[in-house]
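Source file structure.pdb; content: PDB, C-alpha atoms.
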ATOM      1  CA  MET A  15      63.910  28.073  -6.439
ATOM      2  CA  THR A  16      60.730  30.166  -6.472
ATOM      3  CA  ARG A  17      60.976  30.152 -10.235
ATOM      4  CA  TRP A  18      60.101  26.463 -10.248
ATOM      5  CA  LEU A  19      57.207  26.682  -7.810
ATOM      6  CA  PRO A  20      54.432  27.316 -10.358
ATOM      7  CA  ALA A  21      55.662  24.448 -12.512
ATOM      8  CA  VAL A  22      55.802  22.095  -9.504
ATOM      9  CA  ALA A  23      52.332  23.156  -8.385
ATOM     10  CA  LEU A  24      50.944  22.665 -11.892
ATOM     11  CA  GLY A  25      52.606  19.246 -12.124
ATOM     12  CA  ALA A  26      51.173  18.187  -8.770
ATOM     13  CA  PHE A  27      47.736  19.404  -9.801
ATOM     14  CA  LEU A  28      47.858  17.503 -13.107
ATOM     15  CA  ALA A  29      49.028  14.346 -11.322
ATOM     16  CA  LEU A  30      46.072  14.652  -8.940
ATOM     17  CA  VAL A  31      43.643  15.072 -11.831
ATOM     18  CA  VAL A  32      45.074  12.015 -13.623
ATOM     19  CA  VAL A  33      44.981   9.840 -10.486
ATOM     20  CA  GLY A  34      41.479  11.077  -9.625
ATOM     21  CA  THR A  35      40.201  10.312 -13.103
ATOM     22  CA  LEU A  36      41.752   6.831 -13.054
ATOM     23  CA  VAL A  37      40.211   6.063  -9.658
ATOM     24  CA  TRP A  38      36.852   7.373 -10.851
ATOM     25  CA  LEU A  39      36.928   5.410 -14.095
ATOM     26  CA  ARG A  40      38.222   2.220 -12.484
ATOM     27  CA  PRO A  41      35.786  -0.577 -13.280
ATOM     28  CA  SER A  42      33.975  -1.279 -10.011
ATOM     29  CA  ALA A  43      33.905  -4.885  -8.833
ATOM     30  CA  PRO A  44      30.551  -6.593  -9.426
ATOM     31  CA  PRO A  45      28.437  -6.457  -6.240
ATOM     32  CA  SER A  46      28.742  -9.515  -4.034
ATOM     33  CA  VAL A  47      25.772 -11.811  -3.427
ATOM     34  CA  ALA A  48      25.425 -10.346   0.070
ATOM     35  CA  ASP A  49      25.294  -6.809  -1.392
ATOM     36  CA  ARG A  50      22.650  -7.858  -3.892
ATOM     37  CA  ALA A  51      20.600  -9.614  -1.201
ATOM     38  CA  ALA A  52      20.736  -6.501   0.988
ATOM     39  CA  ALA A  53      19.748  -4.242  -1.930
ATOM     40  CA  LEU A  54      16.822  -6.493  -2.883
ATOM     41  CA  ALA A  55      15.634  -6.722   0.727
ATOM     42  CA  SER A  56      15.539  -2.927   0.918
ATOM     43  CA  GLU A  57      13.384  -2.791  -2.232
ATOM     44  CA  LEU A  58      10.709  -5.174  -0.949
ATOM     45  CA  ARG A  59       7.859  -4.214   1.357
ATOM     46  CA  CYS A  60       7.614  -6.129   4.606
ATOM     47  CA  PRO A  61       4.170  -7.778   4.338
ATOM     48  CA  ASP A  62       3.205  -7.594   8.011
ATOM     49  CA  CYS A  63       4.544  -4.131   8.877
ATOM     50  CA  GLN A  64       3.493  -0.598   8.081
ATOM     51  CA  GLY A  65       5.727   1.025   5.499
ATOM     52  CA  LEU A  66       8.942  -0.838   6.330
ATOM     53  CA  SER A  67      11.204  -2.674   3.952
ATOM     54  CA  VAL A  68      12.093  -6.320   4.436
ATOM     55  CA  ALA A  69      15.652  -5.208   5.247
ATOM     56  CA  ASP A  70      14.471  -3.022   8.149
ATOM     57  CA  SER A  71      11.988  -5.405   9.720
ATOM     58  CA  PRO A  72      12.470  -8.127  12.337
ATOM     59  CA  THR A  73       9.167  -9.937  11.670
ATOM     60  CA  ASN A  74       8.782 -13.577  10.762
ATOM     61  CA  ALA A  75       7.659 -12.814   7.204
ATOM     62  CA  ALA A  76      10.557 -10.409   6.610
ATOM     63  CA  ARG A  77      13.009 -13.014   7.904
ATOM     64  CA  GLU A  78      11.465 -15.638   5.632
ATOM     65  CA  ILE A  79      11.631 -13.313   2.610
ATOM     66  CA  ARG A  80      15.302 -12.558   3.332
ATOM     67  CA  ARG A  81      15.931 -16.303   3.561
ATOM     68  CA  GLN A  82      14.191 -16.866   0.208
ATOM     69  CA  ILE A  83      16.220 -14.043  -1.389
ATOM     70  CA  ASP A  84      19.439 -15.713  -0.213
ATOM     71  CA  GLU A  85      18.218 -19.081  -1.466
ATOM     72  CA  LEU A  86      17.221 -17.726  -4.892
ATOM     73  CA  LEU A  87      20.498 -15.824  -5.337
ATOM     74  CA  ALA A  88      22.476 -18.883  -4.272
ATOM     75  CA  GLY A  89      20.565 -20.783  -6.963
ATOM     76  CA  GLY A  90      21.816 -18.322  -9.573
ATOM     77  CA  ALA A  91      18.697 -16.132  -9.927
ATOM     78  CA  THR A  92      19.092 -12.614 -11.295
ATOM     79  CA  ASP A  93      17.838  -9.600  -9.332
ATOM     80  CA  ALA A  94      14.862  -9.303 -11.707
ATOM     81  CA  GLU A  95      13.979 -12.969 -11.165
ATOM     82  CA  VAL A  96      14.028 -12.492  -7.394
ATOM     83  CA  ARG A  97      11.690  -9.485  -7.691
ATOM     84  CA  ASP A  98       9.370 -11.447  -9.997
ATOM     85  CA  HIS A  99       9.312 -14.338  -7.512
ATOM     86  CA  PHE A 100       7.748 -12.090  -4.866
ATOM     87  CA  VAL A 101       5.570 -10.123  -7.294
ATOM     88  CA  ALA A 102       4.055 -13.473  -8.350
ATOM     89  CA  ARG A 103       2.969 -13.993  -4.712
ATOM     90  CA  TYR A 104       2.079 -10.532  -3.430
ATOM     91  CA  GLY A 105       1.557  -8.529  -6.608
ATOM     92  CA  GLU A 106       3.376  -5.286  -7.378
ATOM     93  CA  TRP A 107       2.347  -4.119  -3.931
ATOM     94  CA  ILE A 108       5.452  -5.858  -2.579
ATOM     95  CA  LEU A 109       7.737  -3.467  -4.517
ATOM     96  CA  LEU A 110       8.377  -0.312  -2.484
ATOM     97  CA  LYS A 111       9.177   1.545  -5.711
ATOM     98  CA  PRO A 112       6.526   1.109  -8.413
ATOM     99  CA  ARG A 113       7.885  -0.148 -11.710
ATOM    100  CA  ARG A 114       8.447   2.491 -14.357
ATOM    101  CA  SER A 115       5.948   1.148 -16.846
ATOM    102  CA  GLY A 116       2.288   1.397 -17.776
ATOM    103  CA  PHE A 117       0.047   3.317 -15.431
ATOM    104  CA  ASN A 118       2.889   3.677 -12.911
ATOM    105  CA  LEU A 119       4.488   6.218 -15.239
ATOM    106  CA  VAL A 120       1.840   8.656 -13.982
ATOM    107  CA  VAL A 121       3.320   8.363 -10.497
ATOM    108  CA  TRP A 122       6.835   8.928 -11.805
ATOM    109  CA  GLY A 123       5.811  11.647 -14.263
ATOM    110  CA  PHE A 124       3.499  13.677 -12.040
ATOM    111  CA  PRO A 125       6.197  15.375  -9.911
ATOM    112  CA  ILE A 126       8.148  16.276 -13.055
ATOM    113  CA  ALA A 127       4.999  17.665 -14.691
ATOM    114  CA  ALA A 128       4.193  19.622 -11.518
ATOM    115  CA  VAL A 129       7.691  21.180 -11.408
ATOM    116  CA  LEU A 130       7.523  22.093 -15.103
ATOM    117  CA  LEU A 131       4.087  23.625 -14.626
ATOM    118  CA  GLY A 132       5.388  25.617 -11.648
ATOM    119  CA  LEU A 133       8.363  26.893 -13.692
ATOM    120  CA  VAL A 134       6.011  28.001 -16.475
ATOM    121  CA  ALA A 135       3.780  29.794 -13.959
ATOM    122  CA  VAL A 136       6.787  31.540 -12.329
ATOM    123  CA  GLY A 137       8.098  32.547 -15.780
ATOM    124  CA  VAL A 138       4.766  34.008 -16.818
ATOM    125  CA  LEU A 139       4.412  35.908 -13.531
ATOM    126  CA  LEU A 140       7.979  37.282 -13.712
ATOM    127  CA  ARG A 141       7.350  38.516 -17.229
ATOM    128  CA  ARG A 142       4.178  40.255 -16.145
ATOM    129  CA  TRP A 143       5.726  41.903 -13.104
ATOM    130  CA  THR A 144       8.868  43.187 -14.873
ATOM    131  CA  ARG A 145       7.265  44.279 -18.157
ATOM    132  CA  ARG A 146       7.362  48.052 -18.812
ATOM    133  CA  PRO A 147       4.056  49.872 -19.016
ATOM    134  CA  ALA A 148       2.703  49.190 -22.453
ATOM    135  CA  VAL A 149       1.147  52.681 -22.934
ATOM    136  CA  PRO A 150       3.706  55.557 -23.127
ATOM    137  CA  ALA A 151       2.715  58.854 -21.501
ATOM    138  CA  ALA A 152       0.544  60.857 -23.887
ATOM    139  CA  PRO A 153       2.484  63.787 -25.427
ATOM    140  CA  LEU A 154       1.373  67.241 -24.252
ATOM    141  CA  ASP A 155      -0.646  69.118 -26.699
ATOM    142  CA  ALA A 156       0.292  72.711 -27.496
ATOM    143  CA  ALA A 157      -2.510  74.261 -25.424
ATOM    144  CA  MET A 158      -1.503  72.367 -22.297
ATOM    145  CA  SER A 159       2.209  73.265 -22.569
ATOM    146  CA  GLU A 160       1.250  76.913 -23.129
ATOM    147  CA  ARG A 161      -0.869  76.801 -19.966
ATOM    148  CA  ILE A 162       1.932  75.237 -17.910
ATOM    149  CA  ARG A 163       4.375  77.865 -19.158
ATOM    150  CA  ARG A 164       1.973  80.676 -18.202
ATOM    151  CA  GLU A 165       1.353  79.302 -14.740
ATOM    152  CA  LEU A 166       5.072  78.886 -14.089
ATOM    153  CA  GLU A 167       5.716  82.481 -15.102
ATOM    154  CA  ARG A 168       3.053  83.650 -12.678
ATOM    155  CA  GLU A 169       4.887  82.004  -9.748
ATOM    156  CA  PRO A 170       6.566  84.533  -7.480
TER     157      PRO A 170
ATOM    158  CA  MET B  17      -5.139  41.366 -17.264
ATOM    159  CA  GLY B  18      -5.944  37.974 -18.826
ATOM    160  CA  GLY B  19      -2.293  36.836 -18.736
ATOM    161  CA  ILE B  20      -2.334  34.304 -15.925
ATOM    162  CA  ARG B  21      -6.016  33.679 -15.838
ATOM    163  CA  TRP B  22      -5.620  30.914 -18.417
ATOM    164  CA  LEU B  23      -3.343  29.056 -15.959
ATOM    165  CA  ARG B  24      -6.395  28.628 -13.790
ATOM    166  CA  TRP B  25      -7.863  26.325 -16.410
ATOM    167  CA  LEU B  26      -4.946  23.942 -15.939
ATOM    168  CA  LEU B  27      -6.326  23.208 -12.476
ATOM    169  CA  VAL B  28      -9.206  21.321 -14.068
ATOM    170  CA  PRO B  29      -7.231  18.663 -15.975
ATOM    171  CA  PHE B  30      -4.314  18.469 -13.529
ATOM    172  CA  VAL B  31      -6.013  18.648 -10.136
ATOM    173  CA  VAL B  32      -9.790  18.358 -10.264
ATOM    174  CA  VAL B  33     -10.058  15.481 -12.728
ATOM    175  CA  PRO B  34      -7.397  13.237 -11.087
ATOM    176  CA  LEU B  35      -8.843  13.894  -7.627
ATOM    177  CA  ALA B  36     -12.395  13.167  -8.738
ATOM    178  CA  TRP B  37     -11.247  10.009 -10.483
ATOM    179  CA  LEU B  38      -9.231   8.848  -7.456
ATOM    180  CA  LEU B  39     -12.128   9.420  -5.072
ATOM    181  CA  THR B  40     -14.792   7.781  -7.244
ATOM    182  CA  THR B  41     -12.733   4.671  -7.991
ATOM    183  CA  GLY B  42     -11.297   4.550  -4.449
ATOM    184  CA  PHE B  43     -14.634   4.653  -2.656
ATOM    185  CA  GLY B  44     -16.281   2.379  -5.193
ATOM    186  CA  ARG B  45     -13.907  -0.443  -4.325
ATOM    187  CA  ASP B  46     -14.146  -3.015  -1.558
ATOM    188  CA  PRO B  47     -10.856  -2.636   0.339
ATOM    189  CA  ARG B  48     -11.172  -6.252   1.531
ATOM    190  CA  ALA B  49     -11.296  -7.582  -2.020
ATOM    191  CA  ILE B  50      -7.558  -7.352  -2.573
ATOM    192  CA  SER B  51      -6.836  -9.283  -5.723
ATOM    193  CA  SER B  52      -4.021 -11.756  -5.663
ATOM    194  CA  PRO B  53      -1.692 -12.620  -8.542
ATOM    195  CA  LEU B  54      -2.211 -16.233  -7.454
ATOM    196  CA  ILE B  55      -5.820 -16.291  -8.668
ATOM    197  CA  GLY B  56      -5.978 -18.486 -11.759
ATOM    198  CA  GLN B  57      -2.552 -19.962 -10.941
ATOM    199  CA  SER B  58      -1.610 -23.249  -9.335
ATOM    200  CA  ALA B  59      -1.605 -23.044  -5.561
ATOM    201  CA  PRO B  60       1.852 -23.324  -4.006
ATOM    202  CA  ALA B  61       2.745 -26.888  -3.038
ATOM    203  CA  TRP B  62       3.225 -27.513   0.660
ATOM    204  CA  GLU B  63       4.015 -30.263   3.142
ATOM    205  CA  LEU B  64       3.823 -29.287   6.797
ATOM    206  CA  ALA B  65       3.289 -30.731  10.250
ATOM    207  CA  THR B  66      -0.173 -30.313  11.701
ATOM    208  CA  LEU B  67      -1.174 -29.303  15.203
ATOM    209  CA  ASP B  68      -2.017 -32.985  15.834
ATOM    210  CA  GLY B  69       1.550 -34.011  15.101
ATOM    211  CA  GLU B  70       0.845 -35.507  11.688
ATOM    212  CA  THR B  71       2.078 -34.415   8.284
ATOM    213  CA  LEU B  72      -0.190 -33.129   5.554
ATOM    214  CA  SER B  73       0.709 -32.079   2.048
ATOM    215  CA  SER B  74      -1.074 -30.434  -0.864
ATOM    216  CA  ALA B  75      -0.557 -33.698  -2.782
ATOM    217  CA  ASP B  76      -2.760 -35.468  -0.212
ATOM    218  CA  LEU B  77      -5.619 -33.158  -1.253
ATOM    219  CA  ALA B  78      -5.174 -33.650  -4.998
ATOM    220  CA  GLY B  79      -8.498 -33.899  -6.815
ATOM    221  CA  ARG B  80     -10.374 -32.248  -3.950
ATOM    222  CA  PRO B  81     -11.138 -28.550  -3.530
ATOM    223  CA  TYR B  82      -9.868 -26.995  -0.351
ATOM    224  CA  VAL B  83     -10.276 -23.799   1.650
ATOM    225  CA  ILE B  84      -7.028 -22.689   3.277
ATOM    226  CA  ASN B  85      -7.394 -20.179   6.094
ATOM    227  CA  PHE B  86      -4.496 -18.330   7.748
ATOM    228  CA  TRP B  87      -5.300 -17.490  11.361
ATOM    229  CA  ALA B  88      -3.714 -16.792  14.742
ATOM    230  CA  SER B  89      -4.846 -16.927  18.353
ATOM    231  CA  TRP B  90      -3.926 -13.228  18.728
ATOM    232  CA  CYS B  91      -6.167 -12.277  15.796
ATOM    233  CA  ALA B  92      -9.470 -10.883  17.082
ATOM    234  CA  PRO B  93     -11.518 -11.194  13.842
ATOM    235  CA  CYS B  94     -10.447 -14.860  13.651
ATOM    236  CA  VAL B  95     -12.637 -15.496  16.717
ATOM    237  CA  ASP B  96     -15.776 -14.400  14.828
ATOM    238  CA  GLU B  97     -14.715 -16.267  11.750
ATOM    239  CA  HIS B  98     -14.023 -19.573  13.483
ATOM    240  CA  PRO B  99     -17.648 -20.841  13.670
ATOM    241  CA  VAL B 100     -18.162 -19.962   9.982
ATOM    242  CA  LEU B 101     -15.247 -22.157   8.938
ATOM    243  CA  ALA B 102     -16.371 -24.888  11.333
ATOM    244  CA  SER B 103     -19.827 -24.880   9.729
ATOM    245  CA  ALA B 104     -18.273 -25.048   6.245
ATOM    246  CA  TRP B 105     -16.384 -28.141   7.356
ATOM    247  CA  GLU B 106     -19.570 -29.674   8.794
ATOM    248  CA  ARG B 107     -21.771 -28.860   5.793
ATOM    249  CA  HIS B 108     -19.303 -29.483   2.969
ATOM    250  CA  GLY B 109     -16.815 -31.935   4.487
ATOM    251  CA  ASP B 110     -17.817 -34.457   1.802
ATOM    252  CA  GLU B 111     -16.888 -32.201  -1.110
ATOM    253  CA  LEU B 112     -14.006 -30.154   0.186
ATOM    254  CA  THR B 113     -11.350 -29.909   2.867
ATOM    255  CA  VAL B 114     -10.868 -26.988   5.202
ATOM    256  CA  VAL B 115      -7.259 -26.405   6.209
ATOM    257  CA  GLY B 116      -6.182 -23.916   8.845
ATOM    258  CA  VAL B 117      -2.684 -22.451   8.918
ATOM    259  CA  VAL B 118      -1.339 -21.161  12.215
ATOM    260  CA  TYR B 119       0.162 -17.807  11.214
ATOM    261  CA  ASN B 120       2.861 -16.184  13.356
ATOM    262  CA  ASP B 121       1.770 -18.074  16.416
ATOM    263  CA  GLY B 122       2.945 -20.941  18.598
ATOM    264  CA  PRO B 123       1.324 -24.386  18.707
ATOM    265  CA  GLU B 124       0.385 -24.036  22.399
ATOM    266  CA  SER B 125      -1.546 -20.781  22.021
ATOM    267  CA  ALA B 126      -3.124 -22.084  18.802
ATOM    268  CA  GLN B 127      -4.301 -25.231  20.591
ATOM    269  CA  ALA B 128      -5.627 -23.141  23.482
ATOM    270  CA  PHE B 129      -7.608 -21.032  20.970
ATOM    271  CA  LEU B 130      -9.187 -24.189  19.493
ATOM    272  CA  ASP B 131      -9.914 -25.641  22.935
ATOM    273  CA  ARG B 132     -11.666 -22.421  23.905
ATOM    274  CA  LEU B 133     -13.726 -21.970  20.709
ATOM    275  CA  GLY B 134     -14.318 -25.606  19.840
ATOM    276  CA  ASP B 135     -12.161 -27.698  17.541
ATOM    277  CA  ALA B 136     -14.235 -28.553  14.473
ATOM    278  CA  GLY B 137     -11.791 -31.305  13.574
ATOM    279  CA  TYR B 138     -10.239 -30.010  10.365
ATOM    280  CA  PRO B 139      -6.427 -29.977  10.227
ATOM    281  CA  HIS B 140      -4.287 -26.973  11.170
ATOM    282  CA  LEU B 141      -0.835 -26.637   9.639
ATOM    283  CA  LEU B 142       2.098 -25.248  11.582
ATOM    284  CA  ASP B 143       4.094 -22.711   9.595
ATOM    285  CA  PRO B 144       6.736 -21.586  12.105
ATOM    286  CA  ASP B 145       8.981 -19.870   9.531
ATOM    287  CA  GLY B 146       6.096 -18.321   7.604
ATOM    288  CA  THR B 147       7.180 -20.060   4.392
ATOM    289  CA  LEU B 148       3.650 -20.990   3.389
ATOM    290  CA  ALA B 149       2.386 -17.496   4.300
ATOM    291  CA  VAL B 150       4.989 -15.934   1.985
ATOM    292  CA  ASP B 151       4.204 -18.481  -0.752
ATOM    293  CA  PHE B 152       0.543 -17.462  -0.593
ATOM    294  CA  GLY B 153       1.399 -13.759  -0.279
ATOM    295  CA  VAL B 154      -0.373 -13.393   3.054
ATOM    296  CA  THR B 155      -0.132  -9.963   4.685
ATOM    297  CA  GLY B 156      -2.088 -10.640   7.869
ATOM    298  CA  PRO B 157      -4.720 -12.948   9.285
ATOM    299  CA  PRO B 158      -7.438 -13.784   8.639
ATOM    300  CA  GLU B 159      -6.834 -14.503   4.987
ATOM    301  CA  THR B 160      -8.550 -17.309   3.117
ATOM    302  CA  PHE B 161      -7.824 -18.881  -0.258
ATOM    303  CA  PHE B 162     -10.191 -21.079  -2.243
ATOM    304  CA  VAL B 163      -8.432 -23.787  -4.253
ATOM    305  CA  ASP B 164     -10.349 -25.941  -6.734
ATOM    306  CA  ALA B 165     -10.055 -29.689  -7.390
ATOM    307  CA  ASP B 166      -7.325 -29.059  -9.997
ATOM    308  CA  GLY B 167      -5.200 -27.215  -7.464
ATOM    309  CA  ILE B 168      -5.871 -23.780  -9.007
ATOM    310  CA  VAL B 169      -6.430 -20.803  -6.684
ATOM    311  CA  ARG B 170      -9.887 -19.495  -7.610
ATOM    312  CA  ASP B 171     -10.621 -16.865  -4.987
ATOM    313  CA  LYS B 172      -9.222 -15.044  -1.982
ATOM    314  CA  ARG B 173     -10.655 -13.186   0.975
ATOM    315  CA  VAL B 174      -8.764 -10.767   3.194
ATOM    316  CA  GLY B 175     -10.521 -10.250   6.500
ATOM    317  CA  PRO B 176     -13.061 -12.340   8.391
ATOM    318  CA  LEU B 177     -15.570 -14.498   6.528
ATOM    319  CA  THR B 178     -19.236 -14.356   7.369
ATOM    320  CA  GLN B 179     -21.646 -17.107   6.367
ATOM    321  CA  ARG B 180     -22.835 -15.072   3.381
ATOM    322  CA  LEU B 181     -19.298 -14.224   2.224
ATOM    323  CA  LEU B 182     -18.176 -17.811   2.621
ATOM    324  CA  ASP B 183     -21.055 -19.091   0.454
ATOM    325  CA  GLU B 184     -20.227 -16.457  -2.160
ATOM    326  CA  HIS B 185     -16.590 -17.506  -2.293
ATOM    327  CA  LEU B 186     -17.423 -21.223  -2.223
ATOM    328  CA  THR B 187     -19.221 -20.891  -5.553
ATOM    329  CA  ALA B 188     -15.743 -20.375  -7.030
ATOM    330  CA  ILE B 189     -14.762 -23.945  -6.192
ATOM    331  CA  LEU B 190     -18.046 -25.857  -5.710
ATOM    332  CA  PRO B 191     -21.124 -26.257  -7.925
ATOM    333  CA  ALA B 192     -23.805 -23.763  -6.873
ATOM    334  CA  ALA B 193     -26.204 -26.587  -5.910
ATOM    335  CA  ALA B 194     -23.672 -27.928  -3.416
ATOM    336  CA  VAL B 195     -23.130 -24.512  -1.807
ATOM    337  CA  ASP B 196     -26.856 -24.008  -1.162
ATOM    338  CA  ARG B 197     -27.172 -27.318   0.570
TER     339      ARG B 197
END
Would it be possible to restate this file's structure as structure tokens?
Amino acid sequence: MTRWLPAVALGAFLALVVVGTLVWLRPSAPPSVADRAAALASELRCPDCQGLSVADSPTNAAREIRRQIDELLAGGATDAEVRDHFVARYGEWILLKPRRSGFNLVVWGFPIAAVLLGLVAVGVLLRRWTRRPAVPAAPLDAAMSERIRRELEREP
Amino acid sequence: MGGIRWLRWLLVPFVVVPLAWLLTTGFGRDPRAISSPLIGQSAPAWELATLDGETLSSADLAGRPYVINFWASWCAPCVDEHPVLASAWERHGDELTVVGVVYNDGPESAQAFLDRLGDAGYPHLLDPDGTLAVDFGVTGPPETFFVDADGIVRDKRVGPLTQRLLDEHLTAILPAAAVDR
């Protein structure tokens, strides 16, 4: 009986891996219109609040924008078209996340550049702190070693 | 010892220059002069009930420049701005229309505001759902748009208008001679 245990355990493990992979690779269903509307609302800035998305705000304008999102999606608009609809009215300001193009790339790139710069600085500092002394101790000349020997002999 | 000293020079391009640039451009700009993507575009079309119980639409104003002002009775700067808009209506009523839009406010409190400050007689649209405010990309009152005779948005002001500011913006939709009158 115990002879079979490893084989059974291995089989169970493999079955789990196969099932897990299948579940993971399973093509996910396309998001429903309600999901898309909720996602878009969370990407848009509520115009009459401070730093809230349309999804999180109870104001009149946020309600109206959510209504327009629903209306546009029901009319067959793509997510990009819905975003453009509001950008055409409010400008890019309405997008909580700046678009990754043009000057906005600076905003996206700056944190990455800062982290890289920090890594370089840490690397340089580590190298400096762990490097061995560049100058080896000067070898004793004959006169000095003779003097040391004499002084040691004189010790009681 | 010169190993990390060169890193110090990176501070100039990566910190000092961006900061200096941000501060010079930031302080050199008028925060009230928020540009709108609508400028140069056709104004959104609208048809809404007015405070007087009538219906007004952008089509009714075709061929005539108009100034559309979003306001509310709870908006303190709108109180100062009210006489400026009233005088624009009195001085330029022949050449343009002034249209108020009651923003995020009820008809009763809006009417009370006009009764208190003096109703100049130009129409005020009711926008209970904020549809027109979203169409114009309004973020808060007072906000004023200047639409020319062809229905193109020519200028926008965020914040209260003074007489001088109003005249400046009116040159976008009226001939200069008419503004000075």
Per residue of stretch 47-159 of chain A within 12 Å of stretch 105-119 of chain B, what are the shortest atom pair and its distance in Å to one decimal, counting only C-alpha atoms, with rows by chain and residue number, as CSV?
residue,atom,partner,partner_atom,distance
A:Asp62,CA,B:Tyr119,CA,11.1
A:Thr73,CA,B:Tyr119,CA,12.0
A:Asn74,CA,B:Tyr119,CA,9.6
A:Ala75,CA,B:Tyr119,CA,9.9
Check every residue of chain B for an atom within 10 Å of chain A, counting all atoms listed in the file, and provide those that qualify as a PyMOL selection string.
-> chain B and resi 17+19-20+23+26+30+51-55+57+60+119-120+144-157
Between atom CA of A:Gln64 and atom CA of A:Glu95, distance in Å (one decimal) |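 Value for the atom CA of A:Gln64-atom CA of A:Glu95 distance: 25.2 Å.
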Considering all atoms listed in the file, return as an MDAnalysis selection string whatever protein or nucleic-acid residues lie within 8 Å of B:Asp68, sequence-local ones (same chain, fewer than 2 positions apart) excluded.
-> chainID B and resid 66 70 139:140
Output check: residues returned by the PyMOL selection byres ((chain B and resi 169) around 9), as a ChimeraX atom specification = /B:54-59,161-164,166-168,170-172,189
Residues returned when the PyMOL selection byres ((chain B and resi 79) around 6) runs on this file, as an NGL selection string = :B and (78 or 80 or 165-166)
Length of the atom CA of B:Thr160 to atom CA of B:Arg173 vector [Å] = 5.1 Å
Could you pull the residues within 9 Å of stretch 51-55 of chain A, counting all atoms listed in the file, minus those fewer than 3 positions along the same chain, as an mmCIF file with C-alpha atoms, in the coordinates of the input?
data_model
loop_
_atom_site.group_PDB
_atom_site.id
_atom_site.type_symbol
_atom_site.label_atom_id
_atom_site.label_comp_id
_atom_site.auth_asym_id
_atom_site.auth_seq_id
_atom_site.Cartn_x
_atom_site.Cartn_y
_atom_site.Cartn_z
ATOM 1 C CA SER A 46 28.742 -9.515 -4.034
ATOM 2 C CA VAL A 47 25.772 -11.811 -3.427
ATOM 3 C CA ALA A 48 25.425 -10.346 0.070
ATOM 4 C CA LEU A 58 10.709 -5.174 -0.949
ATOM 5 C CA ARG A 59 7.859 -4.214 1.357
ATOM 6 C CA CYS A 60 7.614 -6.129 4.606
ATOM 7 C CA SER A 67 11.204 -2.674 3.952
ATOM 8 C CA VAL A 68 12.093 -6.320 4.436
ATOM 9 C CA ALA A 69 15.652 -5.208 5.247
ATOM 10 C CA ASP A 70 14.471 -3.022 8.149
ATOM 11 C CA ALA A 76 10.557 -10.409 6.610
ATOM 12 C CA ILE A 79 11.631 -13.313 2.610
ATOM 13 C CA ARG A 80 15.302 -12.558 3.332
ATOM 14 C CA ILE A 83 16.220 -14.043 -1.389
ATOM 15 C CA ASP A 84 19.439 -15.713 -0.213
ATOM 16 C CA LEU A 87 20.498 -15.824 -5.337
ATOM 17 C CA ASP A 93 17.838 -9.600 -9.332
ATOM 18 C CA VAL A 96 14.028 -12.492 -7.394
ATOM 19 C CA ARG A 97 11.690 -9.485 -7.691
#
Using atom CA of B:Leu141 and atom CA of B:Leu77 as the two end points, give the distance in Å to one decimal.
-> 13.6 Å
Take every atom of stretch 65-82 of chain B listed in the file, fit an axis-aligned box around them, add 5 Å per side, and give the centre and edge lengths in Å to one decimal as JSON.
{"center_x": -3.9, "center_y": -31.3, "center_z": 4.5, "size_x": 24.4, "size_y": 18.5, "size_z": 32.6}
Target residues per the PyMOL selection byres ((chain B and resi 133) around 12), formatted as an MDAnalysis selection string = chainID B and resid 89 94:102 126:132 134:137
Would you mind putting N, CA, C and O atoms back on stretch 75-81 of chain B and writing the result as an mmCIF file, in the coordinates of the input?
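Output file result07.cif follows:
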data_model
loop_
_atom_site.group_PDB
_atom_site.id
_atom_site.type_symbol
_atom_site.label_atom_id
_atom_site.label_comp_id
_atom_site.auth_asym_id
_atom_site.auth_seq_id
_atom_site.Cartn_x
_atom_site.Cartn_y
_atom_site.Cartn_z
ATOM 1 N N ALA B 75 -0.362 -32.519 -1.930
ATOM 2 C CA ALA B 75 -0.557 -33.698 -2.782
ATOM 3 C C ALA B 75 -1.639 -34.613 -2.205
ATOM 4 O O ALA B 75 -2.386 -35.251 -2.950
ATOM 5 N N ASP B 76 -1.731 -34.640 -0.849
ATOM 6 C CA ASP B 76 -2.760 -35.468 -0.212
ATOM 7 C C ASP B 76 -4.157 -35.000 -0.593
ATOM 8 O O ASP B 76 -5.118 -35.761 -0.506
ATOM 9 N N LEU B 77 -4.304 -33.720 -0.959
ATOM 10 C CA LEU B 77 -5.619 -33.158 -1.253
ATOM 11 C C LEU B 77 -5.901 -33.125 -2.750
ATOM 12 O O LEU B 77 -6.904 -32.549 -3.177
ATOM 13 N N ALA B 78 -5.014 -33.713 -3.539
ATOM 14 C CA ALA B 78 -5.174 -33.650 -4.998
ATOM 15 C C ALA B 78 -6.549 -34.175 -5.403
ATOM 16 O O ALA B 78 -7.028 -35.183 -4.875
ATOM 17 N N GLY B 79 -7.199 -33.472 -6.318
ATOM 18 C CA GLY B 79 -8.498 -33.899 -6.815
ATOM 19 C C GLY B 79 -9.652 -33.457 -5.941
ATOM 20 O O GLY B 79 -10.798 -33.806 -6.198
ATOM 21 N N ARG B 80 -9.352 -32.671 -4.902
ATOM 22 C CA ARG B 80 -10.374 -32.248 -3.950
ATOM 23 C C ARG B 80 -10.209 -30.754 -3.716
ATOM 24 O O ARG B 80 -9.099 -30.293 -3.445
ATOM 25 N N PRO B 81 -11.298 -29.979 -3.831
ATOM 26 C CA PRO B 81 -11.138 -28.550 -3.530
ATOM 27 C C PRO B 81 -10.820 -28.344 -2.057
ATOM 28 O O PRO B 81 -11.217 -29.161 -1.218
#
